[in-house]
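Student: Once you've had a glance at the structure underneath, I'll fire off some questions.
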Amino acid sequence: MNKMFFRILVLLMSLSLIGIILVQVYWFTSSFNNNDEQFKFHVKQVIGNVADKLQQQEAYSFYDKYNHYKDSTGKVPQKNDLLEFYYVQKNPRTNKMIVYSNSIISEDYNINGSFFDKKFTSERFKNFNSKRTTEIYNNNNIDNSSLQQSIIPDVKIEKSGNLDVLDNAQFEIFFKDIASAMPINERVTKEKLQKLLKKELEEYGVKTKFEFGIYSSGIATKIKSDGFKYDKEATYSIPIFADNEGNNKYELSVTFPHKKKFLLSELVSITILSIIFTLIIIIAYTSALNQLIRQKQISEIKTDFINNMTHEFKTPIATINLALDAIKNPKIIEDKEKVFRYLQMIRDENKRMHAQVENVLRISKLEKRELDINKEPTEIHGIIDDAIEHVSLILEDRGGAITNHYDAARTTALINEVHFTNVLVNILENAIKYSPGIPKIEIFTENIKDMILIKVKDNGLGMSKVAQKRVFEKFYREHTGDLHNVKGHGLGLSYVKRIVEDHNGQVYVESEKGKGSTFIIKIPLIN
């Protein structure tokens with residue numbers, strides 16, 4: 001995959017993911033703000049309704065008290081005509097005349113404001129009635145002057161009734177003047193106010209804890225709930241008990257301590273689903289990105305592997321071809337010693353290529369779980385000695401040496417001799433291969449509880465912290481600046497890890513750049 005295309009793809013995927021997350025955040029914020037506005041609207045409606053009901057209930061209580069007192073006096077009211085007017089209509093064709101009269105009469109029961117409060121002895125209640133009369137004259141000779149005489153009309157209709165508008169207006173003015181002088185605790189109780197608020201809030205679906213309080217000219221009164229505290233963000237206020245001039249001495253405040261929690265609770269289900277889906281997208285994205293990066297790395301590693309493998313096969317093939325060409329020479333073919341030497345060279349190079357192929361096949365079988373590993377009780381020190389024997393010629397060619405420190409007293413473990421020998425050979429070959437100078441290798445064994453510890457220490461190049469974490473991955477080789485300065489294809493240590501784990505053991509490395517490496521193998525012992 002082209003590097004630029006890969007980077008653009010990753011960038012676009014990242015921007016898309018960030019965009020999805022930002023959209024989710026924007027949606028959540030908008031939903032929360034909408035819920036907040038709706039909550040505010042409902043609360044304003046509630047406290048407005050409560051303020052109206054307080055005023056109405058107070059008026060009803062005064063009105064009931066007034067009616068009860070009026071009925072109990074048994075007095076005959078004094079009547080005064082406040083207004084009287086006439087309306088006359090005449091049909092010139094038929095001489096039919098209609099006379100309409102209306103009188104407004106006030107009824108005074110001599111009830112003053114003292115029955116409410118001593119301060120209002122001069123105020124008086126009055127009722128207003130209307131008397132309406134319609135007279136029809138069919139006499140053609142009647143004129144306007146005749147109306148002053150006692151003429152009996154042909155039709156007479158009389159109606160009377162209360163003037164509720166005047167009564168209500170006069171009563172409202174009267175009761176507001178009295179109520180405005182009363183203390184707030186006589187006008188409303190804490191229990192009554194709480195009951196009204198609770199009922200209204202439930203009707204509007206605001207089912208969360210609330211606290212309330214009434215302020216008088218900015219000062220808190222005794223009419224408040226026990227937990228009331230003013231909070232600018234969660235408190236809503238409205239004037240109550242307006243007087244005749246429209247002034248409001250008192251203000252009702254309602255606060256919601258768990259407002260944010262209540263608003264969030266309405267979004268919790270859809271928010272959880274949104275978070276779950278977003279997390280799935282993030283996990284899928286990171287997994288896909290990881291796979292892309294990993295595939296890119298594997299592609300690069302496989303390319304290196306093919307290059308290295310080609311290089312490793314190229315030399316033996318070239319050597320074999322040269323040896324065969326030399327044997328064909330008539331002078332050489334008669335020299336048995338040289339012929340045997342070239343034949344041995346061909347055999348060695350053939351074995352070398354065969355070993356490389358076998359290594360690849362072993363890894364393939366391990367991946368498919370087809371590798372047959374039969375384990376038997378075996379003495380570990382003997383296996384180590386066999387592995388040392390396998391690398392002795394390579395070690396002698398480099399002028400190196402291996403020093404043993406066998407400190408383990410118990411050394412019998414359940415292992416597969418062939419595969420475990422290959423494990424140690426791979427580690428020893430790496431120790432020789434990655435030592436730039438004369439290889440000096442030390443092998444230590446010791447017992448820790450029911451385990452035997454095998455340490456292979458070299459004086460090689462060492463490795464970085466990143467390499468230590470990935471050194472047992474298939475195809476992984478640390479970059480050393482020259483692709484072919486150290487032969488290999490990154491399969492040996494992957495094979496080592498799989499075999500050790502199949503023996504219920506552990507393998508890890510301790511290393512420092514420029515100071516060599518120590519490979520440590522832990523294998524359980526037979527009790």
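Numbering starts fresh at 1 for the residues of each chain in the structure tokens, the chains themselves are lettered A, B, ... in the order given, and ligands are numbered from 1 as they appear.
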Which residues are close to range 434-449 of chain A, i.e. within 8 Å by only C-alpha atoms, leaving aside same-chain residues fewer than 2 positions away? Reply as a list in words.
Tutor: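 My list of contacting residues is Leu395, Arg398, Gly399, Gly400, Ala401, Ile402, Thr403, Asn404, His405, Tyr406, Asp407, Ala408, Ala409, Arg410, Asn430, Ala431, Ile432, Met451, Ile452, Leu453, Ile454, Lys455, Val456, Lys457, Asp458, Asn459, Gly460, Leu461 and Val486 of chain A.
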Student: So, with only C-alpha atoms as the atoms that count, which of A:Val425, A:Val268, A:Ile240, A:Ile293 lies closest to Ser216 in chain A?
Tutor: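 Using only C-alpha atoms, Ser216 in chain A sits closest to A:Ile240.
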Student: Can you tell me how far CA of Arg498 in chain A sits from CA of Lys469 in chain A, in Å to one decimal?
Tutor: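 Between these atoms lies a distance of 15.5 Å.
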Student: Using only C-alpha atoms, can you tell me which of A:His390, A:Lys249, A:Lys3, A:Lys465 comes closest to Val509 in chain A?
Tutor: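 Nearest candidate to Val509 in chain A out of A:His390, A:Lys249, A:Lys3, A:Lys465: A:Lys465.
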Student: Which neighbours of Asn416 in chain A fall inside 7 Å, counting only C-alpha atoms, when residues of the same chain fewer than 4 positions from it are skipped, and could you give them as a list in words?
Tutor: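 Residues meeting the cut-off are Ile373, Asn374, Lys375, Glu376 and Phe420 of chain A.
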Student: For those residues, write N, CA, C and O atoms to a file as a PDB file, in the first residue's frame.
Tutor:
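Everything below was put into result_23.pdb:
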```pdb
ATOM      1  N   ILE A 373       4.071 -32.976  19.293  1.00  0.00           N
ATOM      2  CA  ILE A 373       5.025 -32.802  20.397  1.00  0.00           C
ATOM      3  C   ILE A 373       4.728 -33.847  21.466  1.00  0.00           C
ATOM      4  O   ILE A 373       3.826 -33.685  22.297  1.00  0.00           O
ATOM      5  N   ASN A 374       5.488 -34.941  21.455  1.00  0.00           N
ATOM      6  CA  ASN A 374       5.389 -35.971  22.491  1.00  0.00           C
ATOM      7  C   ASN A 374       6.451 -35.708  23.545  1.00  0.00           C
ATOM      8  O   ASN A 374       7.635 -35.572  23.224  1.00  0.00           O
ATOM      9  N   LYS A 375       6.041 -35.635  24.801  1.00  0.00           N
ATOM     10  CA  LYS A 375       6.965 -35.254  25.871  1.00  0.00           C
ATOM     11  C   LYS A 375       7.302 -36.466  26.737  1.00  0.00           C
ATOM     12  O   LYS A 375       6.432 -37.281  27.046  1.00  0.00           O
ATOM     13  N   GLU A 376       8.554 -36.498  27.148  1.00  0.00           N
ATOM     14  CA  GLU A 376       9.037 -37.561  28.032  1.00  0.00           C
ATOM     15  C   GLU A 376       9.926 -36.942  29.100  1.00  0.00           C
ATOM     16  O   GLU A 376      10.533 -35.891  28.867  1.00  0.00           O
ATOM     17  N   PHE A 420      12.897 -29.171  21.990  1.00  0.00           N
ATOM     18  CA  PHE A 420      13.521 -28.339  23.003  1.00  0.00           C
ATOM     19  C   PHE A 420      14.995 -28.085  22.670  1.00  0.00           C
ATOM     20  O   PHE A 420      15.533 -27.020  22.966  1.00  0.00           O
TER      21      PHE A 420
END
```
Student: From a backbone DSSP assignment, name each residue in range 380-508 of chain A labelled helix (DSSP H, G or I), as a PyMOL selection string.
Tutor: chain A and resi 380-390+392-398+417-433+465-470+492-502
Student: Identify, on the basis of only C-alpha atoms, every residue whose closest approach to range 188-200 of chain A does not exceed 12 Å; exclude the query and any residue fewer than 5 positions from it along the same chain; express the result as a PyMOL selection string.
Tutor: chain A and resi 42-58+61+179+182-183+205-214+221-226+240-241+250+252-255
Student: Restricting it to N, CA and C atoms, dump the selection as a short mmCIF file (atom, residue, chain, number, x, y, z; two decimals), in the first residue's frame.
Tutor:
```
data_model
loop_
_atom_site.label_atom_id
_atom_site.label_comp_id
_atom_site.auth_asym_id
_atom_site.auth_seq_id
_atom_site.Cartn_x
_atom_site.Cartn_y
_atom_site.Cartn_z
N HIS A 42 -42.38 24.88 31.68
CA HIS A 42 -43.35 24.21 32.55
C HIS A 42 -43.36 24.79 33.95
N VAL A 43 -42.16 25.07 34.47
CA VAL A 43 -42.09 25.62 35.84
C VAL A 43 -42.72 27.01 35.88
N LYS A 44 -42.48 27.82 34.84
CA LYS A 44 -43.09 29.15 34.79
C LYS A 44 -44.63 29.04 34.77
N GLN A 45 -45.12 28.06 34.00
CA GLN A 45 -46.56 27.82 33.96
C GLN A 45 -47.08 27.41 35.34
N VAL A 46 -46.33 26.55 35.98
CA VAL A 46 -46.75 26.04 37.30
C VAL A 46 -46.83 27.15 38.32
N ILE A 47 -45.75 27.93 38.44
CA ILE A 47 -45.75 28.96 39.49
C ILE A 47 -46.74 30.08 39.15
N GLY A 48 -46.99 30.31 37.84
CA GLY A 48 -48.02 31.27 37.44
C GLY A 48 -49.40 30.80 37.87
N ASN A 49 -49.68 29.51 37.64
CA ASN A 49 -50.96 28.93 38.06
C ASN A 49 -51.13 28.97 39.57
N VAL A 50 -50.04 28.65 40.27
CA VAL A 50 -50.09 28.67 41.75
C VAL A 50 -50.36 30.08 42.25
N ALA A 51 -49.71 31.10 41.65
CA ALA A 51 -49.93 32.49 42.06
C ALA A 51 -51.41 32.89 41.85
N ASP A 52 -51.98 32.50 40.70
CA ASP A 52 -53.39 32.81 40.43
C ASP A 52 -54.30 32.11 41.42
N LYS A 53 -54.01 30.84 41.70
CA LYS A 53 -54.87 30.09 42.62
C LYS A 53 -54.79 30.63 44.05
N LEU A 54 -53.62 31.08 44.45
CA LEU A 54 -53.50 31.68 45.79
C LEU A 54 -54.39 32.92 45.90
N GLN A 55 -54.34 33.76 44.86
CA GLN A 55 -55.16 34.97 44.86
C GLN A 55 -56.64 34.62 44.84
N GLN A 56 -57.02 33.65 44.01
CA GLN A 56 -58.42 33.26 43.91
C GLN A 56 -58.94 32.66 45.21
N GLN A 57 -58.14 31.77 45.80
CA GLN A 57 -58.58 31.13 47.04
C GLN A 57 -58.72 32.15 48.18
N GLU A 58 -57.80 33.13 48.17
CA GLU A 58 -57.90 34.17 49.19
C GLU A 58 -59.18 34.98 48.98
N SER A 61 -62.25 32.96 50.09
CA SER A 61 -62.40 32.88 51.55
C SER A 61 -63.00 34.19 52.11
N ALA A 179 -56.46 42.76 52.40
CA ALA A 179 -55.47 41.68 52.37
C ALA A 179 -54.04 42.22 52.33
N MET A 182 -52.43 42.65 55.65
CA MET A 182 -52.29 41.47 56.51
C MET A 182 -50.90 40.86 56.36
N PRO A 183 -50.32 40.26 57.40
CA PRO A 183 -49.02 39.58 57.28
C PRO A 183 -49.15 38.33 56.41
N GLY A 205 -45.72 17.09 34.64
CA GLY A 205 -44.68 16.07 34.47
C GLY A 205 -43.34 16.41 35.08
N VAL A 206 -43.29 17.40 35.97
CA VAL A 206 -42.03 17.78 36.63
C VAL A 206 -41.96 17.01 37.95
N LYS A 207 -41.45 15.76 37.87
CA LYS A 207 -41.44 14.88 39.03
C LYS A 207 -40.03 14.81 39.61
N THR A 208 -39.64 15.88 40.26
CA THR A 208 -38.35 15.93 40.93
C THR A 208 -38.48 16.76 42.20
N LYS A 209 -37.54 16.62 43.09
CA LYS A 209 -37.60 17.32 44.38
C LYS A 209 -37.58 18.83 44.17
N PHE A 210 -38.41 19.55 44.95
CA PHE A 210 -38.43 21.00 44.86
C PHE A 210 -38.43 21.61 46.26
N GLU A 211 -37.95 22.83 46.35
CA GLU A 211 -38.00 23.62 47.57
C GLU A 211 -38.58 24.98 47.20
N PHE A 212 -39.22 25.66 48.16
CA PHE A 212 -39.88 26.93 47.86
C PHE A 212 -39.71 27.91 49.01
N GLY A 213 -39.92 29.17 48.68
CA GLY A 213 -39.86 30.21 49.70
C GLY A 213 -40.51 31.48 49.17
N ILE A 214 -41.07 32.29 50.08
CA ILE A 214 -41.67 33.57 49.72
C ILE A 214 -40.81 34.69 50.27
N THR A 221 -39.22 35.32 54.04
CA THR A 221 -40.24 35.24 55.09
C THR A 221 -40.20 33.84 55.72
N LYS A 222 -41.09 33.61 56.66
CA LYS A 222 -41.15 32.31 57.33
C LYS A 222 -41.87 31.26 56.47
N ILE A 223 -42.51 31.71 55.40
CA ILE A 223 -43.21 30.76 54.53
C ILE A 223 -42.20 30.19 53.54
N LYS A 224 -41.52 29.12 53.93
CA LYS A 224 -40.53 28.47 53.06
C LYS A 224 -40.34 27.03 53.53
N SER A 225 -39.88 26.17 52.62
CA SER A 225 -39.61 24.78 52.96
C SER A 225 -38.29 24.68 53.72
N ASP A 226 -38.11 23.55 54.39
CA ASP A 226 -36.94 23.41 55.28
C ASP A 226 -35.62 23.44 54.52
N ILE A 240 -46.47 37.61 43.58
CA ILE A 240 -47.79 37.12 44.01
C ILE A 240 -48.49 38.20 44.84
N PHE A 241 -49.81 38.06 44.97
CA PHE A 241 -50.65 38.93 45.80
C PHE A 241 -50.50 40.40 45.38
N TYR A 250 -44.82 40.71 47.54
CA TYR A 250 -44.27 39.37 47.78
C TYR A 250 -43.86 38.70 46.46
N LEU A 252 -42.81 34.69 45.01
CA LEU A 252 -42.69 33.25 45.25
C LEU A 252 -41.50 32.71 44.46
N SER A 253 -40.59 32.00 45.13
CA SER A 253 -39.42 31.40 44.49
C SER A 253 -39.45 29.89 44.69
N VAL A 254 -39.23 29.15 43.60
CA VAL A 254 -39.19 27.69 43.66
C VAL A 254 -37.85 27.24 43.08
N THR A 255 -37.14 26.39 43.81
CA THR A 255 -35.84 25.89 43.34
C THR A 255 -35.86 24.36 43.26
#
```
Student: Calculated over only C-alpha atoms, which of the candidates A:Lys338, A:Ile380, A:Pro239, A:Lys433 has the smallest distance to Asp397 in chain A?
Tutor: A:Lys433
